[in-house]
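Some notes on the structure that comes next.
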Amino acid sequence: MTRCTAPLRTLSYDLSRDDGLRTRVLALDGDPGWSVENAGPVFTVVVDGVTITGTSPGLRVEGVTSVRRDDGVVDETTRCRYEEHAADAGDGEYAGDVGAAADGLAVGIDWHVRRYPDLPLVETWVSVTNRGRRAVTVERLDSVGLTIPAGRYELLSYTSAWGREFDGDREPLTAGRSIGTLAGRSSHGMHPWLGLVRDDGAVLCGAVAWSGNWVVRFEEAPETAKPSATEETSEGWKPNEGHNEGYIVTGGLHDQGFAKRLRPGETVDAPPVVLALGSDGDLDTTSIALARAARAYWAPRNALAERLPVEWNHWWTYEDHSVDAATFRANVDVAAELGVEVVTLDAGWFGPADASSAWTDVRGDWDQVNTARFPEGIRALADHAHARGLRFGLWCEIEALGPKATLASRRPDFPATRDGEPLGYVCLANPAAWQWAFETLDRLVREFGTDWIKLDFNLDPGLGCDRTDHGHGPGDGLFEHYRGYYRLLDRIRETHPHVVLENCSSGGLRIDLGIMRHTHLTFLSDPDWPEHGLQLLWGGDDDAAAEPAPALGLLRVARPPSAPDVRPARPRPPTAPARLLSPDRDARGDRLLLWAPEPAGVGAGPAPRAGPGLPGAGPPVRPHRRRAPAHRGAAPVRGGRAVGGRAVRPTGRRRAPRVRVPAAGG
Ligand SMILES: [Zn+2]
């Protein structure tokens, strides 16, 4: 078994700045490229109703700066300026400074290109600065603009719903197609990733690094992108069946519902889009490139996250209605015996002292502990876990606001609303709400001794908050909420660098390369049987699907199999077995098979397989196509017990049989 460390091919991405700003080359070295020279502009923005592209009259390229960071990443910025009166003159000539523009539209548009050494991927985004004397409104900010050559393409994408994340689709690419979501969560509806496979085998993967609404559009390219419309065959010249006009690919932040007002001198940066290239119809190389970029440059790290600890989370066995201090303590004891490393108290711990309260109702009242369930408080549970050598995890939906939470009445300035109706979340664009959120999480870490926070988000904000007393405008509430959320995550990591932040949203409905730059781990999906989780992780749940690795960019999922669902009976009779609902026991080894330190995959080591003699053992895991190296080795399971993964069923839909293992000492 060897780690996959082979060098990847070199990507060329160059711009033409002679006649506006166009893509000159986007290609792997030696391959037919992905750009049509001089066919189209690299960006599209809309300001005050005016569509501005890299080739608009009135646009002037002012210069280029290139900065090499210490880690080798190169940031290149092409500075452009658009003057409305220059456009009116029709000559594209710059007609003076801002003063000359009077009250006309004048904006600076920066096109950013981030290049990563030795990786066949590139990251692009656009920034707009108001250079005029009056406020303007930005209504569209595309971070990708690419005219791709004529040809036959297959479009790969993922639909995504609760318990059905990474459901792969393939379809012939057609002009007019667009993918995206307006749910207000990046991965509800569709996952922010796409693959294009051309009939010559060229592969392009794109991912929008943003947690809110996103879009990618495929439009018919203009005439200039056309190659020959006929081809020579043995029967003479015939219409080229593969012929089309080529496509213009645009997108990034979704323009629908978005409007951001900029005062003179203000700037807005669009979320980046990552493009990775491959060849031979093989998505693996793009997957590997994304995974390497994530490990080297994007993903936050700390010691606990690096270990990929085995976690137990109380939720699916007990939910909120049947968890209490005694139950949690009993599970902690079993978890310690099994070698589990993190025990997480999920929803149900907060709100008023009411054993019948529903967790969804009281989200927001994080300053209250439900002492009907946890009379000794939460710190005592953390101490209990720590005394057994375990780390303590705590669930919190810091953005959410339940309908019965007292927070809404205590702080009526916090809720996000749209057309006056509450949206069910705290608008983190509001500086006061942001400060409250930070102080709340900070306190939960300090007071409770929390080592791990599972940050959930169980609702769709849609187009988001349109209040005008939060510091944002009516059209950029969601945009500024997510920018606030990213800052919050960064601040918590700075303040508590040892604490792991686990991203979750109704399972995996907000997984994207944006949020993954601010959290250590990602919860993949709510259904907790291993077939489901593994199928999502390794193959989508469709044989024809692309793999989620390119979409995830890395393997930092919190499950599977890091969350064995340990359930001792409650109360626990001395002879009752613990029931492991998720992992199976593997009689052969003492390591988590699925996180063996070598890559698991085709031709790269043993695939996980069913343990011998286990009830309901299924067929071997379906070969998955990914060869990217596993990031972290598994921690040896302590206590002489072993927990291993079991086979993935091709459908990935069947609940695993419950597997009994001997109780502690048995
Ligand atoms: Zn707001």
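Ordering of the structure tokens sets the chain letters (A, B, ...); residue numbers start at 1 within each chain; ligands are numbered from 1 in the order shown.
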
Skipping near chain neighbours, those fewer than 3 positions away, what residues fall within 9 Å of Leu401 of chain A using only C-alpha atoms, listed as number ranges by chain? A: 360-365, 397-398, 404-405, 407-408, 415, 423-426

Which chains and residue numbers are within 10 Å of ligand 1, counting only C-alpha atoms and all ligand atoms, if I want them as a VMD selection string? chain A and resid 413 to 418 425 to 431 433 464 to 481

Could you write out that same residue set with N, CA and C atoms as a short mmCIF file (atom, residue, chain, number, x, y, z; two decimals), in the first residue's frame?
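Below is the file that was written, out_39.cif:
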data_model
loop_
_atom_site.label_atom_id
_atom_site.label_comp_id
_atom_site.auth_asym_id
_atom_site.auth_seq_id
_atom_site.Cartn_x
_atom_site.Cartn_y
_atom_site.Cartn_z
N ASP A 413 -34.29 42.74 18.45
CA ASP A 413 -33.46 43.22 17.35
C ASP A 413 -32.66 42.09 16.69
N PHE A 414 -32.72 40.89 17.25
CA PHE A 414 -31.91 39.79 16.72
C PHE A 414 -32.53 39.02 15.54
N PRO A 415 -33.83 38.74 15.58
CA PRO A 415 -34.36 37.81 14.57
C PRO A 415 -34.23 38.31 13.14
N ALA A 416 -33.91 37.39 12.25
CA ALA A 416 -34.02 37.65 10.81
C ALA A 416 -35.48 37.59 10.44
N THR A 417 -35.92 38.56 9.65
CA THR A 417 -37.31 38.53 9.17
C THR A 417 -37.32 38.84 7.68
N ARG A 418 -38.40 38.47 7.04
CA ARG A 418 -38.59 38.83 5.63
C ARG A 418 -40.05 39.26 5.47
N TYR A 425 -34.23 32.42 12.40
CA TYR A 425 -32.80 32.45 12.73
C TYR A 425 -32.39 33.83 13.19
N VAL A 426 -31.23 33.86 13.83
CA VAL A 426 -30.65 35.10 14.31
C VAL A 426 -29.78 35.67 13.20
N CYS A 427 -30.02 36.90 12.83
CA CYS A 427 -29.28 37.50 11.72
C CYS A 427 -27.90 37.93 12.22
N LEU A 428 -26.90 37.21 11.78
CA LEU A 428 -25.53 37.50 12.23
C LEU A 428 -24.91 38.67 11.47
N ALA A 429 -25.69 39.29 10.59
CA ALA A 429 -25.23 40.55 10.00
C ALA A 429 -25.41 41.69 10.99
N ASN A 430 -26.27 41.47 11.98
CA ASN A 430 -26.49 42.46 13.03
C ASN A 430 -25.31 42.38 14.01
N PRO A 431 -24.54 43.45 14.15
CA PRO A 431 -23.35 43.36 15.02
C PRO A 431 -23.66 42.97 16.46
N ALA A 433 -26.14 41.01 17.45
CA ALA A 433 -26.43 39.58 17.45
C ALA A 433 -25.15 38.77 17.28
N GLY A 464 -33.42 35.16 2.73
CA GLY A 464 -32.80 35.76 3.90
C GLY A 464 -33.47 37.02 4.40
N CYS A 465 -32.82 37.60 5.38
CA CYS A 465 -33.35 38.74 6.14
C CYS A 465 -33.39 40.00 5.28
N ASP A 466 -34.54 40.72 5.33
CA ASP A 466 -34.61 41.99 4.59
C ASP A 466 -34.85 43.18 5.52
N ARG A 467 -34.61 42.96 6.82
CA ARG A 467 -34.68 44.11 7.74
C ARG A 467 -33.65 45.16 7.34
N THR A 468 -33.94 46.37 7.68
CA THR A 468 -32.98 47.42 7.34
C THR A 468 -32.34 48.04 8.58
N ASP A 469 -32.58 47.41 9.75
CA ASP A 469 -31.96 47.94 10.97
C ASP A 469 -30.85 47.01 11.48
N HIS A 470 -30.33 46.17 10.61
CA HIS A 470 -29.27 45.23 11.01
C HIS A 470 -27.90 45.63 10.47
N GLY A 471 -27.88 46.70 9.71
CA GLY A 471 -26.59 47.07 9.12
C GLY A 471 -26.43 46.57 7.70
N HIS A 472 -27.38 45.75 7.24
CA HIS A 472 -27.39 45.33 5.83
C HIS A 472 -28.61 45.93 5.16
N GLY A 473 -28.66 45.79 3.86
CA GLY A 473 -29.82 46.30 3.13
C GLY A 473 -30.86 45.23 2.94
N PRO A 474 -31.95 45.55 2.26
CA PRO A 474 -33.00 44.55 2.06
C PRO A 474 -32.58 43.40 1.15
N GLY A 475 -31.52 43.58 0.38
CA GLY A 475 -31.15 42.55 -0.58
C GLY A 475 -29.87 41.79 -0.27
N ASP A 476 -29.23 42.10 0.84
CA ASP A 476 -27.98 41.38 1.12
C ASP A 476 -27.94 40.83 2.55
N GLY A 477 -29.13 40.59 3.11
CA GLY A 477 -29.18 40.04 4.46
C GLY A 477 -28.56 38.66 4.55
N LEU A 478 -28.89 37.79 3.62
CA LEU A 478 -28.34 36.43 3.67
C LEU A 478 -26.83 36.45 3.39
N PHE A 479 -26.45 37.27 2.43
CA PHE A 479 -25.03 37.40 2.09
C PHE A 479 -24.23 37.84 3.32
N GLU A 480 -24.72 38.85 4.01
CA GLU A 480 -23.99 39.36 5.16
C GLU A 480 -24.13 38.43 6.37
N HIS A 481 -25.23 37.69 6.45
CA HIS A 481 -25.34 36.68 7.52
C HIS A 481 -24.21 35.65 7.40
#

Set the distance at 9 Å and use only C-alpha atoms: which residues neighbour Asp142 of chain A once local chain neighbours fewer than 4 positions away are removed? I'd like the list as a PyMOL selection string. chain A and resi 42-45+125-126+250-255+270-271

Restrict the selected residues to all heavy atoms and save them as a CSV table (one decimal), in the first residue's frame.
chain,number,residue,atom,x,y,z
A,42,VAL,N,-14.4,37.3,-18.9
A,42,VAL,CA,-14.2,36.5,-17.7
A,42,VAL,C,-15.2,36.8,-16.6
A,42,VAL,O,-15.4,36.0,-15.7
A,42,VAL,CB,-12.8,36.5,-17.2
A,42,VAL,CG1,-11.8,36.0,-18.2
A,42,VAL,CG2,-12.4,37.9,-16.7
A,43,PHE,N,-15.8,38.0,-16.6
A,43,PHE,CA,-16.7,38.3,-15.5
A,43,PHE,C,-18.0,38.9,-16.0
A,43,PHE,O,-18.0,39.5,-17.1
A,43,PHE,CB,-16.1,39.1,-14.4
A,43,PHE,CG,-15.7,40.5,-14.9
A,43,PHE,CD1,-16.6,41.5,-15.0
A,43,PHE,CD2,-14.3,40.8,-15.2
A,43,PHE,CE1,-16.3,42.8,-15.4
A,43,PHE,CE2,-14.0,42.1,-15.6
A,43,PHE,CZ,-15.0,43.1,-15.7
A,44,THR,N,-19.0,38.8,-15.2
A,44,THR,CA,-20.2,39.6,-15.5
A,44,THR,C,-20.7,40.1,-14.1
A,44,THR,O,-20.8,39.4,-13.2
A,44,THR,CB,-21.3,38.7,-16.0
A,44,THR,OG1,-20.9,38.1,-17.2
A,44,THR,CG2,-22.6,39.5,-16.3
A,45,VAL,N,-20.9,41.4,-14.1
A,45,VAL,CA,-21.5,42.0,-12.9
A,45,VAL,C,-22.6,42.9,-13.3
A,45,VAL,O,-22.6,43.4,-14.5
A,45,VAL,CB,-20.5,42.8,-12.0
A,45,VAL,CG1,-19.3,41.9,-11.6
A,45,VAL,CG2,-19.9,44.0,-12.8
A,125,TRP,N,-12.5,34.9,-8.4
A,125,TRP,CA,-13.7,35.7,-7.9
A,125,TRP,C,-13.5,37.2,-8.4
A,125,TRP,O,-12.5,37.6,-8.8
A,125,TRP,CB,-13.8,35.6,-6.4
A,125,TRP,CG,-12.8,36.3,-5.6
A,125,TRP,CD1,-12.9,37.5,-4.9
A,125,TRP,CD2,-11.5,35.8,-5.2
A,125,TRP,NE1,-11.8,37.7,-4.2
A,125,TRP,CE2,-10.9,36.7,-4.4
A,125,TRP,CE3,-10.8,34.6,-5.5
A,125,TRP,CZ2,-9.6,36.6,-3.8
A,125,TRP,CZ3,-9.5,34.4,-5.0
A,125,TRP,CH2,-8.9,35.4,-4.2
A,126,VAL,N,-14.6,37.9,-8.2
A,126,VAL,CA,-14.7,39.3,-8.6
A,126,VAL,C,-15.0,40.2,-7.4
A,126,VAL,O,-15.6,39.8,-6.5
A,126,VAL,CB,-15.7,39.4,-9.8
A,126,VAL,CG1,-17.1,39.3,-9.2
A,126,VAL,CG2,-15.6,40.7,-10.5
A,250,THR,N,-21.3,30.7,-16.5
A,250,THR,CA,-21.2,31.8,-15.6
A,250,THR,C,-21.8,31.4,-14.2
A,250,THR,O,-22.6,30.5,-14.1
A,250,THR,CB,-22.0,33.0,-16.1
A,250,THR,OG1,-23.4,32.7,-16.2
A,250,THR,CG2,-21.4,33.5,-17.4
A,251,GLY,N,-21.4,32.1,-13.2
A,251,GLY,CA,-22.1,31.8,-11.9
A,251,GLY,C,-21.2,32.1,-10.7
A,251,GLY,O,-20.2,32.8,-10.8
A,252,GLY,N,-21.7,31.6,-9.6
A,252,GLY,CA,-21.1,31.9,-8.3
A,252,GLY,C,-22.3,32.2,-7.3
A,252,GLY,O,-23.2,31.4,-7.2
A,253,LEU,N,-22.2,33.3,-6.7
A,253,LEU,CA,-23.3,33.8,-5.9
A,253,LEU,C,-24.5,33.9,-6.7
A,253,LEU,O,-24.5,34.5,-7.8
A,253,LEU,CB,-22.9,35.2,-5.3
A,253,LEU,CG,-23.9,35.8,-4.4
A,253,LEU,CD1,-24.0,35.2,-3.0
A,253,LEU,CD2,-23.6,37.3,-4.2
A,254,HIS,N,-25.7,33.4,-6.2
A,254,HIS,CA,-26.9,33.5,-6.9
A,254,HIS,C,-27.4,35.0,-7.0
A,254,HIS,O,-27.4,35.7,-6.0
A,254,HIS,CB,-28.0,32.7,-6.3
A,254,HIS,CG,-29.1,32.2,-7.3
A,254,HIS,ND1,-29.7,33.1,-8.1
A,254,HIS,CD2,-29.5,31.0,-7.6
A,254,HIS,CE1,-30.6,32.4,-8.9
A,254,HIS,NE2,-30.5,31.1,-8.6
A,255,ASP,N,-27.7,35.5,-8.2
A,255,ASP,CA,-28.1,36.9,-8.3
A,255,ASP,C,-29.6,37.1,-7.9
A,255,ASP,O,-29.9,38.2,-7.6
A,255,ASP,CB,-27.9,37.3,-9.8
A,255,ASP,CG,-28.6,36.5,-10.8
A,255,ASP,OD1,-28.6,35.2,-10.6
A,255,ASP,OD2,-29.2,37.0,-11.7
A,270,ALA,N,-17.1,38.9,-4.1
A,270,ALA,CA,-17.9,37.7,-4.4
A,270,ALA,C,-17.3,36.5,-3.8
A,270,ALA,O,-16.1,36.4,-3.6
A,270,ALA,CB,-18.1,37.6,-5.9
A,271,PRO,N,-18.1,35.5,-3.5
A,271,PRO,CA,-17.5,34.2,-3.0
A,271,PRO,C,-16.7,33.6,-4.2
A,271,PRO,O,-17.1,33.7,-5.3
A,271,PRO,CB,-18.7,33.3,-2.7
A,271,PRO,CG,-19.9,34.2,-2.7
A,271,PRO,CD,-19.5,35.4,-3.5

Where does segment 326-359 of chain A meet segment 448-463 of chain A within 12 Å, residue by residue, with the nearest atom pair and distance in Å to one decimal for each, counting only C-alpha atoms, listed by chain and rising number, as a tab-separated table?
residue	atom	partner	partner_atom	distance
A:Glu341	CA	A:Asp451	CA	11.1
A:Val342	CA	A:Trp452	CA	8.1
A:Val343	CA	A:Trp452	CA	9.1
A:Thr344	CA	A:Trp452	CA	7.8
A:Leu345	CA	A:Lys454	CA	9.1
A:Asp346	CA	A:Lys454	CA	7.9
A:Ala347	CA	A:Asp456	CA	9.7
A:Trp349	CA	A:Phe448	CA	11.9
A:Trp359	CA	A:Asn458	CA	11.5

The selected residues should be written to file as a PDB file, in the first residue's frame (atoms: all heavy atoms).
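This is the output file result_37.pdb:
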ATOM      1  N   GLU A 341     -13.507   8.255  21.669  1.00  0.00           N
ATOM      2  CA  GLU A 341     -12.656   9.348  22.155  1.00  0.00           C
ATOM      3  C   GLU A 341     -13.391  10.651  22.452  1.00  0.00           C
ATOM      4  O   GLU A 341     -12.913  11.483  23.201  1.00  0.00           O
ATOM      5  CB  GLU A 341     -11.558   9.615  21.112  1.00  0.00           C
ATOM      6  CG  GLU A 341     -10.622   8.438  20.951  1.00  0.00           C
ATOM      7  CD  GLU A 341      -9.838   8.508  19.666  1.00  0.00           C
ATOM      8  OE1 GLU A 341     -10.442   8.235  18.613  1.00  0.00           O
ATOM      9  OE2 GLU A 341      -8.653   8.853  19.703  1.00  0.00           O
ATOM     10  N   VAL A 342     -14.532  10.829  21.798  1.00  0.00           N
ATOM     11  CA  VAL A 342     -15.322  12.041  22.027  1.00  0.00           C
ATOM     12  C   VAL A 342     -16.759  11.618  22.298  1.00  0.00           C
ATOM     13  O   VAL A 342     -17.303  10.783  21.568  1.00  0.00           O
ATOM     14  CB  VAL A 342     -15.291  12.984  20.797  1.00  0.00           C
ATOM     15  CG1 VAL A 342     -16.154  14.216  21.042  1.00  0.00           C
ATOM     16  CG2 VAL A 342     -13.869  13.392  20.462  1.00  0.00           C
ATOM     17  N   VAL A 343     -17.355  12.179  23.325  1.00  0.00           N
ATOM     18  CA  VAL A 343     -18.775  11.924  23.590  1.00  0.00           C
ATOM     19  C   VAL A 343     -19.508  13.250  23.454  1.00  0.00           C
ATOM     20  O   VAL A 343     -19.124  14.248  24.060  1.00  0.00           O
ATOM     21  CB  VAL A 343     -18.989  11.312  24.984  1.00  0.00           C
ATOM     22  CG1 VAL A 343     -18.555   9.861  24.994  1.00  0.00           C
ATOM     23  CG2 VAL A 343     -18.251  12.094  26.062  1.00  0.00           C
ATOM     24  N   THR A 344     -20.546  13.258  22.648  1.00  0.00           N
ATOM     25  CA  THR A 344     -21.217  14.515  22.343  1.00  0.00           C
ATOM     26  C   THR A 344     -22.648  14.513  22.841  1.00  0.00           C
ATOM     27  O   THR A 344     -23.429  13.611  22.543  1.00  0.00           O
ATOM     28  CB  THR A 344     -21.193  14.778  20.823  1.00  0.00           C
ATOM     29  OG1 THR A 344     -19.841  14.927  20.419  1.00  0.00           O
ATOM     30  CG2 THR A 344     -21.963  16.047  20.481  1.00  0.00           C
ATOM     31  N   LEU A 345     -22.946  15.557  23.607  1.00  0.00           N
ATOM     32  CA  LEU A 345     -24.310  15.797  24.062  1.00  0.00           C
ATOM     33  C   LEU A 345     -24.996  16.628  22.990  1.00  0.00           C
ATOM     34  O   LEU A 345     -24.634  17.781  22.757  1.00  0.00           O
ATOM     35  CB  LEU A 345     -24.276  16.544  25.401  1.00  0.00           C
ATOM     36  CG  LEU A 345     -25.616  16.817  26.081  1.00  0.00           C
ATOM     37  CD1 LEU A 345     -26.320  15.522  26.462  1.00  0.00           C
ATOM     38  CD2 LEU A 345     -25.404  17.696  27.314  1.00  0.00           C
ATOM     39  N   ASP A 346     -25.981  16.044  22.356  1.00  0.00           N
ATOM     40  CA  ASP A 346     -26.670  16.720  21.253  1.00  0.00           C
ATOM     41  C   ASP A 346     -27.814  17.569  21.816  1.00  0.00           C
ATOM     42  O   ASP A 346     -27.793  17.960  22.981  1.00  0.00           O
ATOM     43  CB  ASP A 346     -27.144  15.662  20.237  1.00  0.00           C
ATOM     44  CG  ASP A 346     -27.205  16.191  18.817  1.00  0.00           C
ATOM     45  OD1 ASP A 346     -28.172  16.923  18.508  1.00  0.00           O
ATOM     46  OD2 ASP A 346     -26.300  15.892  18.014  1.00  0.00           O
ATOM     47  N   ALA A 347     -28.804  17.864  21.016  1.00  0.00           N
ATOM     48  CA  ALA A 347     -29.892  18.745  21.441  1.00  0.00           C
ATOM     49  C   ALA A 347     -30.649  18.146  22.619  1.00  0.00           C
ATOM     50  O   ALA A 347     -30.704  16.935  22.788  1.00  0.00           O
ATOM     51  CB  ALA A 347     -30.834  18.997  20.279  1.00  0.00           C
ATOM     52  N   TRP A 349     -30.327  19.704  25.846  1.00  0.00           N
ATOM     53  CA  TRP A 349     -29.712  20.122  27.111  1.00  0.00           C
ATOM     54  C   TRP A 349     -30.108  21.534  27.540  1.00  0.00           C
ATOM     55  O   TRP A 349     -29.903  21.920  28.685  1.00  0.00           O
ATOM     56  CB  TRP A 349     -28.184  20.041  27.007  1.00  0.00           C
ATOM     57  CG  TRP A 349     -27.579  20.940  25.953  1.00  0.00           C
ATOM     58  CD1 TRP A 349     -27.260  20.599  24.667  1.00  0.00           C
ATOM     59  CD2 TRP A 349     -27.218  22.320  26.102  1.00  0.00           C
ATOM     60  NE1 TRP A 349     -26.733  21.681  24.000  1.00  0.00           N
ATOM     61  CE2 TRP A 349     -26.694  22.752  24.860  1.00  0.00           C
ATOM     62  CE3 TRP A 349     -27.290  23.241  27.153  1.00  0.00           C
ATOM     63  CZ2 TRP A 349     -26.252  24.058  24.640  1.00  0.00           C
ATOM     64  CZ3 TRP A 349     -26.852  24.546  26.928  1.00  0.00           C
ATOM     65  CH2 TRP A 349     -26.333  24.933  25.689  1.00  0.00           C
ATOM     66  N   TRP A 359     -36.791  20.319  21.572  1.00  0.00           N
ATOM     67  CA  TRP A 359     -35.555  21.070  21.316  1.00  0.00           C
ATOM     68  C   TRP A 359     -35.741  22.166  20.283  1.00  0.00           C
ATOM     69  O   TRP A 359     -35.173  23.244  20.385  1.00  0.00           O
ATOM     70  CB  TRP A 359     -34.447  20.120  20.875  1.00  0.00           C
ATOM     71  CG  TRP A 359     -34.702  19.445  19.554  1.00  0.00           C
ATOM     72  CD1 TRP A 359     -35.478  18.346  19.329  1.00  0.00           C
ATOM     73  CD2 TRP A 359     -34.177  19.840  18.279  1.00  0.00           C
ATOM     74  NE1 TRP A 359     -35.481  18.022  17.997  1.00  0.00           N
ATOM     75  CE2 TRP A 359     -34.687  18.922  17.325  1.00  0.00           C
ATOM     76  CE3 TRP A 359     -33.331  20.856  17.843  1.00  0.00           C
ATOM     77  CZ2 TRP A 359     -34.374  19.004  15.962  1.00  0.00           C
ATOM     78  CZ3 TRP A 359     -33.026  20.941  16.487  1.00  0.00           C
ATOM     79  CH2 TRP A 359     -33.550  20.021  15.568  1.00  0.00           C
TER      80      TRP A 359
END

Contact residues around Asn130 of chain A with only C-alpha atoms at 8 Å, ignoring same-chain residues under 5 positions, as a VMD selection string: chain A and resid 106 to 108 135 to 136 262 to 267

I need the residues from that last selection saved to file as a short mmCIF file (atom, residue, chain, number, x, y, z; two decimals), in the first residue's frame (with all heavy atoms), if you can.
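Listing of out-v5.cif after writing:
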data_model
loop_
_atom_site.label_atom_id
_atom_site.label_comp_id
_atom_site.auth_asym_id
_atom_site.auth_seq_id
_atom_site.Cartn_x
_atom_site.Cartn_y
_atom_site.Cartn_z
N ALA A 106 -19.45 54.74 -11.94
CA ALA A 106 -18.01 54.51 -12.05
C ALA A 106 -17.64 53.45 -11.02
O ALA A 106 -17.81 53.67 -9.82
CB ALA A 106 -17.23 55.81 -11.79
N VAL A 107 -17.19 52.31 -11.48
CA VAL A 107 -16.85 51.23 -10.55
C VAL A 107 -15.49 50.66 -10.91
O VAL A 107 -15.09 50.60 -12.08
CB VAL A 107 -17.90 50.09 -10.56
CG1 VAL A 107 -19.21 50.56 -9.94
CG2 VAL A 107 -18.13 49.56 -11.97
N GLY A 108 -14.78 50.23 -9.88
CA GLY A 108 -13.59 49.43 -10.06
C GLY A 108 -13.98 47.97 -9.98
O GLY A 108 -14.77 47.58 -9.12
N ALA A 135 -24.13 56.49 -4.19
CA ALA A 135 -24.27 55.06 -3.88
C ALA A 135 -24.77 54.31 -5.11
O ALA A 135 -25.54 54.84 -5.91
CB ALA A 135 -25.23 54.87 -2.72
N VAL A 136 -24.31 53.07 -5.24
CA VAL A 136 -24.78 52.22 -6.33
C VAL A 136 -25.23 50.88 -5.73
O VAL A 136 -24.89 50.55 -4.59
CB VAL A 136 -23.68 51.97 -7.38
CG1 VAL A 136 -23.25 53.28 -8.02
CG2 VAL A 136 -22.49 51.23 -6.78
N LEU A 262 -23.61 49.91 -2.34
CA LEU A 262 -22.25 50.34 -2.02
C LEU A 262 -22.21 51.86 -1.99
O LEU A 262 -22.54 52.51 -2.99
CB LEU A 262 -21.25 49.84 -3.07
CG LEU A 262 -21.02 48.33 -3.21
CD1 LEU A 262 -19.96 48.09 -4.30
CD2 LEU A 262 -20.58 47.71 -1.90
N ARG A 263 -21.76 52.38 -0.88
CA ARG A 263 -21.52 53.82 -0.83
C ARG A 263 -20.19 54.11 -1.53
O ARG A 263 -19.40 53.19 -1.76
CB ARG A 263 -21.49 54.30 0.62
CG ARG A 263 -22.87 54.29 1.27
CD ARG A 263 -22.78 54.59 2.74
NE ARG A 263 -22.02 53.57 3.45
CZ ARG A 263 -22.10 53.33 4.75
NH1 ARG A 263 -22.91 54.04 5.50
NH2 ARG A 263 -21.38 52.40 5.33
N PRO A 264 -19.96 55.36 -1.86
CA PRO A 264 -18.69 55.67 -2.54
C PRO A 264 -17.50 55.13 -1.75
O PRO A 264 -17.41 55.32 -0.53
CB PRO A 264 -18.69 57.20 -2.58
CG PRO A 264 -20.14 57.56 -2.64
CD PRO A 264 -20.84 56.54 -1.78
N GLY A 265 -16.63 54.42 -2.43
CA GLY A 265 -15.44 53.87 -1.80
C GLY A 265 -15.61 52.47 -1.25
O GLY A 265 -14.63 51.81 -0.93
N GLU A 266 -16.85 51.97 -1.14
CA GLU A 266 -17.07 50.64 -0.57
C GLU A 266 -16.84 49.55 -1.62
O GLU A 266 -17.04 49.76 -2.81
CB GLU A 266 -18.48 50.52 0.01
CG GLU A 266 -18.64 51.27 1.31
CD GLU A 266 -20.01 51.04 1.96
OE1 GLU A 266 -20.99 50.77 1.22
OE2 GLU A 266 -20.09 51.14 3.18
N THR A 267 -16.47 48.37 -1.11
CA THR A 267 -16.16 47.22 -1.97
C THR A 267 -16.96 46.01 -1.52
O THR A 267 -17.20 45.82 -0.33
CB THR A 267 -14.65 46.88 -1.87
OG1 THR A 267 -13.89 47.98 -2.33
CG2 THR A 267 -14.30 45.65 -2.71
#

Please return, as JSON, numbers by chain, all residues of segment 100-241 of chain A that DSSP assigns to strand (DSSP E or B) on the basis of the backbone. {"A": [106, 107, 108, 109, 110, 111, 112, 113, 114, 115, 121, 122, 123, 124, 125, 126, 127, 128, 129, 130, 136, 137, 138, 139, 140, 141, 142, 143, 144, 145, 146, 147, 148, 153, 154, 155, 156, 157, 158, 159, 160, 167, 168, 169, 170, 171, 172, 178, 179, 180, 181, 189, 190, 193, 194, 195, 196, 197, 198, 203, 204, 205, 206, 207, 208, 214, 215, 216, 217, 218, 219, 220, 230, 231, 232, 233, 236, 237, 238, 239]}
